[in-house]
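Structure file work_30.csv (CSV, C-alpha atoms) follows.
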chain,number,residue,atom,x,y,z
A,1,MET,CA,8.6,24.7,6.7
A,2,GLU,CA,5.7,24.7,4.3
A,3,LYS,CA,4.4,21.3,5.4
A,4,VAL,CA,4.4,22.4,9.1
A,5,SER,CA,2.6,25.7,8.2
A,6,VAL,CA,-0.2,23.8,6.4
A,7,LEU,CA,-0.6,21.3,9.2
A,8,GLN,CA,-0.8,24.0,11.8
A,9,ALA,CA,-3.4,25.9,9.7
A,10,LEU,CA,-5.4,22.7,9.8
A,11,GLY,CA,-5.2,22.6,13.6
A,12,ALA,CA,-2.7,19.8,13.9
A,13,GLU,CA,-0.2,19.4,16.7
A,14,ILE,CA,3.3,19.0,15.4
A,15,VAL,CA,5.4,16.2,16.9
A,16,ARG,CA,9.0,16.4,15.6
A,17,THR,CA,11.3,13.5,15.3
A,18,PRO,CA,15.0,13.5,14.4
A,19,SER,CA,15.5,13.1,10.7
A,20,CYS,CA,18.7,11.1,11.3
A,21,ALA,CA,16.8,8.4,13.3
A,22,ALA,CA,16.7,5.0,11.6
A,23,PHE,CA,13.3,3.7,10.7
A,24,ASP,CA,13.4,1.1,13.5
A,25,SER,CA,14.6,3.6,16.1
A,26,PRO,CA,12.2,4.5,18.9
A,27,GLU,CA,12.6,8.1,17.9
A,28,SER,CA,11.8,7.5,14.2
A,29,HIS,CA,8.7,9.0,12.6
A,30,VAL,CA,7.3,5.5,12.0
A,31,ARG,CA,7.7,4.4,15.6
A,32,MET,CA,6.5,7.7,16.9
A,33,ALA,CA,3.3,7.5,14.8
A,34,TRP,CA,2.5,4.0,16.2
A,35,ARG,CA,3.2,5.1,19.7
A,36,LEU,CA,0.8,8.1,19.4
A,37,LYS,CA,-1.8,5.8,17.8
A,38,ASN,CA,-1.7,3.6,20.8
A,39,GLN,CA,-1.9,6.5,23.2
A,40,ILE,CA,-4.7,8.6,21.6
A,41,PRO,CA,-8.2,7.2,21.8
A,42,ASN,CA,-10.1,6.7,18.5
A,43,SER,CA,-7.0,7.4,16.5
A,44,VAL,CA,-6.0,5.7,13.2
A,45,ILE,CA,-2.8,5.4,11.3
A,46,LEU,CA,-3.0,4.7,7.5
A,47,ASP,CA,0.5,3.0,7.5
A,48,GLN,CA,1.1,3.5,3.8
A,49,TYR,CA,4.3,1.4,4.0
A,50,ARG,CA,2.4,-1.8,4.8
A,51,ASN,CA,-1.3,-1.1,4.0
A,52,PRO,CA,-2.2,-3.5,1.0
A,53,TYR,CA,-4.9,-1.0,-0.1
A,54,ASN,CA,-2.1,1.5,-1.0
A,55,PRO,CA,-1.0,-0.4,-4.2
A,56,LEU,CA,-4.5,-1.7,-4.7
A,57,ALA,CA,-5.9,1.8,-5.0
A,58,HIS,CA,-3.5,2.5,-7.9
A,59,TYR,CA,-4.1,-0.9,-9.4
A,60,ASP,CA,-7.9,-0.2,-9.6
A,61,THR,CA,-7.8,3.6,-10.5
A,62,THR,CA,-4.5,5.2,-11.5
A,63,ALA,CA,-3.5,2.3,-13.8
A,64,GLU,CA,-7.0,2.2,-15.4
A,65,GLU,CA,-6.9,5.9,-16.0
A,66,ILE,CA,-3.5,5.6,-17.8
A,67,LEU,CA,-4.8,2.7,-19.9
A,68,ASP,CA,-7.9,4.6,-20.8
A,69,GLN,CA,-6.1,7.7,-21.9
A,70,CYS,CA,-3.5,5.7,-23.9
A,71,HIS,CA,-6.1,3.5,-25.4
A,72,GLY,CA,-4.4,0.5,-24.0
A,73,LYS,CA,-1.1,1.1,-25.8
A,74,LEU,CA,2.1,2.0,-24.0
A,75,ASP,CA,5.6,0.7,-24.0
A,76,MET,CA,7.3,2.2,-21.0
A,77,PHE,CA,6.2,3.4,-17.6
A,78,VAL,CA,8.5,5.5,-15.3
A,79,ALA,CA,7.7,6.4,-11.7
A,80,GLY,CA,9.5,7.2,-8.4
A,81,ALA,CA,9.7,4.7,-5.6
A,82,GLY,CA,8.5,6.1,-2.3
A,83,THR,CA,6.3,3.8,-0.3
A,84,GLY,CA,6.0,1.8,-3.5
A,85,GLY,CA,2.3,2.0,-3.6
A,86,THR,CA,1.9,3.9,-6.9
A,87,LEU,CA,4.8,2.0,-8.6
A,88,THR,CA,3.6,-1.4,-7.5
A,89,GLY,CA,-0.1,-1.0,-8.2
A,90,VAL,CA,0.3,0.6,-11.6
A,91,ALA,CA,3.1,-1.7,-12.7
A,92,ARG,CA,1.1,-4.8,-11.8
A,93,LYS,CA,-2.0,-3.8,-13.8
A,94,LEU,CA,0.1,-2.6,-16.8
A,95,LYS,CA,2.0,-5.8,-17.0
A,96,GLU,CA,-1.3,-7.7,-17.1
A,97,ARG,CA,-2.7,-5.6,-19.9
A,98,CYS,CA,0.6,-4.7,-21.8
A,99,PRO,CA,2.9,-7.8,-21.3
A,100,ASN,CA,5.8,-6.2,-23.2
A,101,ILE,CA,5.9,-3.0,-21.3
A,102,LYS,CA,9.1,-1.9,-19.5
A,103,ILE,CA,8.7,-0.7,-16.0
A,104,VAL,CA,11.3,1.8,-14.7
A,105,GLY,CA,11.6,2.6,-11.0
A,106,VAL,CA,13.4,5.7,-9.9
A,107,ASP,CA,15.3,5.7,-6.6
A,108,PRO,CA,17.8,8.4,-5.3
A,109,GLU,CA,21.4,7.7,-4.6
A,110,GLY,CA,21.6,7.0,-0.9
A,111,SER,CA,18.3,5.1,-0.7
A,112,VAL,CA,18.4,1.4,0.0
A,113,LEU,CA,15.4,0.4,-2.1
A,114,VAL,CA,17.9,-0.7,-4.7
A,115,GLU,CA,21.6,-0.8,-4.5
A,116,SER,CA,23.6,1.4,-6.9
A,117,LYS,CA,25.7,-0.7,-9.3
A,118,GLU,CA,28.1,2.2,-9.6
A,119,LYS,CA,28.5,2.9,-5.9
A,120,LYS,CA,28.6,0.1,-3.4
A,121,GLU,CA,29.7,2.3,-0.5
A,122,LYS,CA,29.5,1.4,3.1
A,123,THR,CA,29.0,5.0,4.2
A,124,LYS,CA,25.5,6.4,4.0
A,125,VAL,CA,24.9,9.0,1.3
A,126,ALA,CA,22.5,11.7,2.2
A,127,PHE,CA,20.0,13.0,-0.3
A,128,GLU,CA,17.8,16.1,-0.4
A,129,VAL,CA,14.9,15.0,-2.6
A,130,GLU,CA,11.8,14.2,-0.6
A,131,GLY,CA,9.0,11.7,-1.3
A,132,ILE,CA,11.1,8.9,-2.8
A,133,GLY,CA,13.8,6.8,-1.3
A,134,TYR,CA,14.1,5.3,2.2
A,135,ASP,CA,16.5,3.6,4.6
A,136,PHE,CA,14.2,0.5,4.7
A,137,LEU,CA,12.1,-1.6,2.3
A,138,PRO,CA,8.4,-0.8,2.5
A,139,THR,CA,6.3,-4.0,2.6
A,140,VAL,CA,4.0,-2.8,-0.2
A,141,LEU,CA,6.8,-2.4,-2.7
A,142,ASP,CA,7.1,-5.4,-5.0
A,143,ARG,CA,10.5,-5.0,-6.6
A,144,SER,CA,9.9,-8.1,-8.9
A,145,LEU,CA,7.7,-5.9,-11.1
A,146,ILE,CA,10.5,-3.5,-11.9
A,147,ASP,CA,12.5,-4.2,-15.1
A,148,VAL,CA,15.0,-1.3,-14.7
A,149,TRP,CA,16.0,0.8,-11.8
A,150,TYR,CA,17.4,4.3,-12.3
A,151,LYS,CA,19.5,5.8,-9.5
A,152,SER,CA,18.9,9.6,-9.5
A,153,THR,CA,21.2,12.3,-8.1
A,154,ASP,CA,20.1,15.5,-6.4
A,155,VAL,CA,21.8,17.7,-9.0
A,156,GLU,CA,19.8,16.2,-12.0
A,157,THR,CA,16.7,16.0,-9.8
A,158,PHE,CA,16.5,19.7,-8.9
A,159,THR,CA,17.9,20.9,-12.1
A,160,MET,CA,15.1,19.1,-14.0
A,161,SER,CA,12.4,20.2,-11.5
A,162,ARG,CA,13.4,23.9,-12.0
A,163,LYS,CA,13.5,23.3,-15.8
A,164,LEU,CA,10.0,21.8,-15.8
A,165,ILE,CA,8.7,24.8,-13.8
A,166,ARG,CA,10.5,27.4,-16.0
A,167,ASP,CA,10.1,25.9,-19.4
A,168,GLU,CA,6.9,23.9,-19.2
A,169,GLY,CA,5.0,25.8,-16.4
A,170,LEU,CA,4.6,22.6,-14.4
A,171,LEU,CA,4.8,23.5,-10.7
A,172,CYS,CA,6.1,20.1,-9.7
A,173,GLY,CA,8.2,18.9,-6.8
A,174,GLY,CA,11.6,17.4,-6.6
A,175,SER,CA,10.7,13.8,-7.0
A,176,SER,CA,9.0,14.8,-10.3
A,177,GLY,CA,12.4,16.1,-11.4
A,178,SER,CA,13.9,12.7,-10.6
A,179,VAL,CA,11.4,10.9,-12.6
A,180,MET,CA,11.6,13.2,-15.6
A,181,ALA,CA,15.4,13.1,-15.6
A,182,ALA,CA,15.3,9.3,-15.6
A,183,ALA,CA,12.6,9.2,-18.4
A,184,VAL,CA,14.6,11.5,-20.6
A,185,LYS,CA,17.5,9.0,-20.5
A,186,VAL,CA,15.7,5.6,-20.5
A,187,ALA,CA,13.2,6.6,-23.1
A,188,GLN,CA,16.0,6.9,-25.6
A,189,GLN,CA,15.8,3.1,-25.8
A,190,LEU,CA,12.3,3.3,-27.4
A,191,GLU,CA,11.7,3.2,-31.1
A,192,GLU,CA,9.8,5.8,-33.1
A,193,GLY,CA,6.1,5.6,-32.4
A,194,GLN,CA,6.4,3.9,-29.0
A,195,ARG,CA,4.9,5.6,-25.9
A,196,CYS,CA,6.4,6.4,-22.5
A,197,VAL,CA,4.2,7.4,-19.6
A,198,ILE,CA,5.6,9.0,-16.4
A,199,ILE,CA,4.0,10.2,-13.2
A,200,LEU,CA,4.8,13.6,-11.7
A,201,ALA,CA,3.6,12.7,-8.2
A,202,ASP,CA,4.4,15.9,-6.3
A,203,SER,CA,3.8,19.6,-6.5
A,204,VAL,CA,6.1,22.4,-5.6
A,205,ARG,CA,3.8,23.6,-2.7
A,206,ASN,CA,6.0,22.0,0.0
A,207,TYR,CA,9.3,23.1,-1.4
A,208,MET,CA,8.9,26.8,-2.0
A,209,SER,CA,11.8,27.6,0.4
A,210,LYS,CA,14.0,24.8,-0.8
A,211,PHE,CA,15.0,24.0,-4.4
A,212,LEU,CA,13.2,27.1,-5.8
A,213,SER,CA,15.7,29.2,-3.9
A,214,ASP,CA,19.1,29.8,-5.5
A,215,ASP,CA,20.6,30.4,-2.1
A,216,TRP,CA,19.3,26.9,-0.9
A,217,MET,CA,20.7,25.3,-4.0
A,218,GLN,CA,24.1,26.9,-3.6
A,219,GLU,CA,24.2,26.0,0.1
A,220,LYS,CA,23.6,22.4,-0.8
A,221,GLY,CA,26.3,22.5,-3.5
A,222,LEU,CA,23.7,21.9,-6.2
A,223,LEU,CA,24.1,25.2,-8.0
A,224,HIS,CA,27.3,27.1,-8.8
A,225,PRO,CA,26.6,30.8,-9.2
A,226,GLU,CA,28.4,33.3,-11.3
A,227,PRO,CA,29.5,36.5,-9.6
A,228,GLN,CA,27.2,39.4,-10.0
A,229,MET,CA,30.1,41.5,-11.4
A,230,ASP,CA,32.4,41.8,-14.3
A,231,PHE,CA,35.2,40.1,-12.4
A,232,LYS,CA,35.4,37.3,-9.9
A,233,PRO,CA,36.8,38.1,-6.4
A,234,TRP,CA,40.2,36.7,-5.6
A,235,TRP,CA,38.7,34.0,-3.4
A,236,TRP,CA,36.2,32.7,-5.9
A,237,SER,CA,38.0,29.5,-6.8
A,238,LEU,CA,39.3,28.8,-3.2
A,239,THR,CA,38.0,26.2,-0.8
A,240,VAL,CA,37.3,26.2,2.9
A,241,GLN,CA,40.5,24.4,3.5
A,242,SER,CA,42.4,27.5,2.4
A,243,LEU,CA,41.1,29.4,5.4
A,244,PRO,CA,43.2,29.7,8.6
A,245,LEU,CA,40.7,27.7,10.8
A,246,SER,CA,41.1,28.1,14.5
A,247,THR,CA,40.0,25.9,17.3
A,248,PRO,CA,36.5,26.8,18.3
A,249,VAL,CA,35.3,27.9,21.7
A,250,THR,CA,33.6,25.0,23.4
A,251,VAL,CA,31.3,25.0,26.4
A,252,SER,CA,29.7,22.3,28.6
A,253,PRO,CA,25.9,21.8,28.4
A,254,SER,CA,25.9,22.1,32.2
A,255,LEU,CA,27.1,25.7,32.2
A,256,SER,CA,24.6,28.4,33.0
A,257,CYS,CA,23.5,30.7,30.3
A,258,GLN,CA,24.9,33.7,32.2
A,259,THR,CA,28.4,32.1,32.4
A,260,THR,CA,28.2,31.1,28.7
A,261,ILE,CA,27.6,34.7,27.7
A,262,GLN,CA,30.5,35.9,29.8
A,263,ILE,CA,32.8,33.4,28.2
A,264,LEU,CA,31.7,34.4,24.7
A,265,LYS,CA,32.2,38.1,25.5
A,266,GLU,CA,35.7,37.4,26.9
A,267,LYS,CA,36.6,35.3,23.8
A,268,GLU,CA,35.0,38.0,21.6
A,269,VAL,CA,33.0,35.5,19.6
A,270,ASN,CA,29.2,35.1,19.1
A,271,GLN,CA,28.9,31.4,19.2
A,272,ALA,CA,30.4,28.3,20.7
A,273,VAL,CA,30.4,24.5,20.3
A,274,VAL,CA,28.5,22.6,23.0
A,275,ILE,CA,30.2,19.3,23.9
A,276,ASP,CA,29.3,16.9,26.7
A,277,GLN,CA,31.6,15.1,29.1
A,278,SER,CA,32.0,12.2,26.8
A,279,GLY,CA,33.2,14.4,23.9
A,280,ILE,CA,29.9,14.2,21.9
A,281,PHE,CA,29.1,17.2,19.8
A,282,MET,CA,25.6,18.4,20.9
A,283,GLY,CA,25.2,21.5,18.7
A,284,MET,CA,25.8,25.2,18.8
A,285,VAL,CA,24.9,28.0,21.1
A,286,THR,CA,24.9,31.7,20.1
A,287,VAL,CA,24.7,34.9,22.0
A,288,GLY,CA,21.6,35.9,20.0
A,289,THR,CA,19.8,32.7,20.9
A,290,ILE,CA,20.4,33.1,24.6
A,291,LEU,CA,19.5,36.8,24.7
A,292,SER,CA,16.3,36.1,22.6
A,293,SER,CA,15.2,33.3,25.0
A,294,LEU,CA,16.0,35.5,28.0
A,295,SER,CA,14.0,38.4,26.7
A,296,THR,CA,10.9,36.2,26.1
A,297,GLY,CA,11.1,34.6,29.5
A,298,ALA,CA,11.7,31.2,28.1
A,299,ILE,CA,14.8,30.7,30.2
A,300,LYS,CA,16.5,32.3,33.3
A,301,PRO,CA,20.2,33.4,33.4
A,302,SER,CA,20.8,30.5,35.8
A,303,ASP,CA,19.4,27.9,33.5
A,304,THR,CA,21.8,25.5,31.8
A,305,VAL,CA,22.9,26.2,28.3
A,306,ASP,CA,21.6,22.8,27.0
A,307,ARG,CA,18.2,24.4,27.0
A,308,VAL,CA,19.1,26.7,24.1
A,309,VAL,CA,21.4,24.4,22.1
A,310,CYS,CA,20.8,24.8,18.4
A,311,LYS,CA,20.9,21.5,16.7
A,312,ILE,CA,19.9,22.8,13.3
A,313,TYR,CA,22.9,24.6,11.7
A,314,LYS,CA,24.6,24.9,8.3
A,315,GLN,CA,27.6,22.7,7.6
A,316,VAL,CA,30.4,22.8,5.1
A,317,GLN,CA,33.3,20.5,4.3
A,318,LEU,CA,36.9,21.4,3.7
A,319,LYS,CA,36.5,20.7,0.0
A,320,ASP,CA,33.5,23.1,-0.4
A,321,SER,CA,34.0,26.4,-2.2
A,322,LEU,CA,34.2,29.8,-0.5
A,323,VAL,CA,31.3,30.7,-2.7
A,324,LYS,CA,29.1,28.2,-0.9
A,325,LEU,CA,30.4,29.4,2.5
A,326,SER,CA,29.8,33.0,1.7
A,327,THR,CA,26.2,32.2,0.8
A,328,ILE,CA,25.7,30.6,4.2
A,329,LEU,CA,27.4,33.4,6.1
A,330,ARG,CA,25.2,36.0,4.5
A,331,ALA,CA,22.1,34.4,5.9
A,332,ASP,CA,23.3,32.7,9.1
A,333,GLY,CA,26.4,34.4,10.3
A,334,PHE,CA,28.3,31.2,10.9
A,335,ALA,CA,28.8,27.7,9.6
A,336,VAL,CA,30.2,24.4,11.0
A,337,VAL,CA,33.2,23.0,9.2
A,338,HIS,CA,32.8,19.3,9.1
A,339,THR,CA,35.8,17.1,8.2
A,340,GLU,CA,35.7,13.4,7.5
A,341,ASP,CA,38.2,10.7,7.8
A,342,GLU,CA,39.0,9.4,4.3
A,343,CYS,CA,38.8,5.8,5.5
A,344,ASP,CA,35.6,5.5,7.4
A,345,GLY,CA,33.8,8.8,6.9
A,346,SER,CA,33.5,9.4,10.6
A,347,PRO,CA,33.4,13.0,11.9
A,348,GLN,CA,36.8,14.1,13.2
A,349,GLN,CA,36.4,17.8,13.8
A,350,GLU,CA,33.8,20.5,13.7
A,351,SER,CA,34.4,24.2,14.2
A,352,PRO,CA,32.3,27.3,13.5
A,353,LEU,CA,33.4,30.3,11.4
A,354,SER,CA,32.1,33.8,12.0
A,355,LEU,CA,33.4,35.3,8.8
A,356,ILE,CA,35.7,34.6,5.8
Mind turning the file's structure into structure tokens?
Amino acid sequence: MEKVSVLQALGAEIVRTPSCAAFDSPESHVRMAWRLKNQIPNSVILDQYRNPYNPLAHYDTTAEEILDQCHGKLDMFVAGAGTGGTLTGVARKLKERCPNIKIVGVDPEGSVLVESKEKKEKTKVAFEVEGIGYDFLPTVLDRSLIDVWYKSTDVETFTMSRKLIRDEGLLCGGSSGSVMAAAVKVAQQLEEGQRCVIILADSVRNYMSKFLSDDWMQEKGLLHPEPQMDFKPWWWSLTVQSLPLSTPVTVSPSLSCQTTIQILKEKEVNQAVVIDQSGIFMGMVTVGTILSSLSTGAIKPSDTVDRVVCKIYKQVQLKDSLVKLSTILRADGFAVVHTEDECDGSPQQESPLSLI
């Protein structure tokens, strides 16, 4: 949200790409950027993933600044791995000037920059932290320079970020929390008098509506709230699985908006699952979305419902607590229950809930 607002204020046109698209997919942000570059006259793409001047800039400047401020003496360097430019450039210079230095790279669980020794899972693990971690290996990242890799989790990442803001007054972003969490642990290997340098590469500006928000943290399962009362409600320790889940109302994307509203009124529900002829889940449609689009003239009653399908919605799993679900329902009114097959992690069923 914050990134889009800043870009729009600068006069930029926003072109959205699906976050689930693989890096080599035609719909990915990488492929889209190159396609736009080829279409727009006099345009340029910096291509930080492959541009050799990315790590060179940090080799010539960032590393020199660190060496200057530390008077050439440091024993450990900890940084996050995003494009790999900062980590590679700084590490290369520091190893030249401080041969015994230990370089620590931080990569979130779910990223493929380095495989987790603890979790060699076939299923993809999603992560919320931004700025570090990818589903491909950037060309500029030289992994041979890294002595130790630390796999960070979202819980320790955002817990540390909030701690740095609250206790130290450092308005840093999520990836900075990852790096600090890693440094606190790996720096325990150092002896008294040795020096560890870390880079907090991101500010909180782009994440004001995310990990700073208790509701967002609770929704993502990263913060477990205490009830704002002297006693916990009877459902406090229950999970979504304990609810009497019913089969959701489903509609075809080819139905008209007018017919869809009639169906929802007859079923006395406010939302429905949109599924195409092949059984693929396309998203959600709500009465509010249809009526809002009709009132602004964006659609006509005869238009098909696929024009107002909502593909951004909140999800919960059967194992999630009712505390998390109640937080979502207070803000959004419904959530999609997502169950996974224990063998392959593939989606088996999704259904919306309107209330607890």
(message) What's around Ser278 (chain A) at 12 Å? Count only C-alpha atoms, leave out sequence neighbours fewer than 3 positions away in its own chain, and write the answer as a list in words.
(response)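 Contacts, with the query itself left out: Ser252, Pro253, Val274, Ile275, Phe281 and Met282 of chain A.
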Print the selection's residues with C-alpha atoms to a file, as a PDB file, in the frame of the given file.
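Full text of out-v5.pdb as output:
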ATOM      1  CA  SER A 252      29.700  22.300  28.600  1.00  0.00           C
ATOM      2  CA  PRO A 253      25.900  21.800  28.400  1.00  0.00           C
ATOM      3  CA  VAL A 274      28.500  22.600  23.000  1.00  0.00           C
ATOM      4  CA  ILE A 275      30.200  19.300  23.900  1.00  0.00           C
ATOM      5  CA  PHE A 281      29.100  17.200  19.800  1.00  0.00           C
ATOM      6  CA  MET A 282      25.600  18.400  20.900  1.00  0.00           C
TER       7      MET A 282
END
(request) Fewer than 6 positions away in the same chain doesn't count, so skip those; otherwise give me all residues within 12 Å of Met180 (chain A), counting all atoms listed in the file, as a PyMOL selection string. (result) chain A and resi 77-80+104-106+150+152+156-164+170+172-174+186-187+196-201
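Among the candidates A:Leu141, A:Leu322, A:Met1, A:Leu67, the one nearest to Ser237 (chain A) when counting all atoms listed in the file is A:Leu322.
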(message) Could you tell me how far CA of Gln315 (chain A) sits from CA of Asp214 (chain A), in Å to one decimal place?
(response) 17.2 Å
(request) Have a look at CA of His338 (chain A) and CA of Leu318 (chain A) and let me know their distance in Å, one decimal. (result)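 Going from CA of His338 (chain A) over to CA of Leu318 (chain A) covers 7.1 Å.
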(request) Tell me which of A:Thr296, A:Gln258, A:Thr286, A:Thr88 sits closest to His58 (chain A), counting all atoms listed in the file. (result) A:Thr88
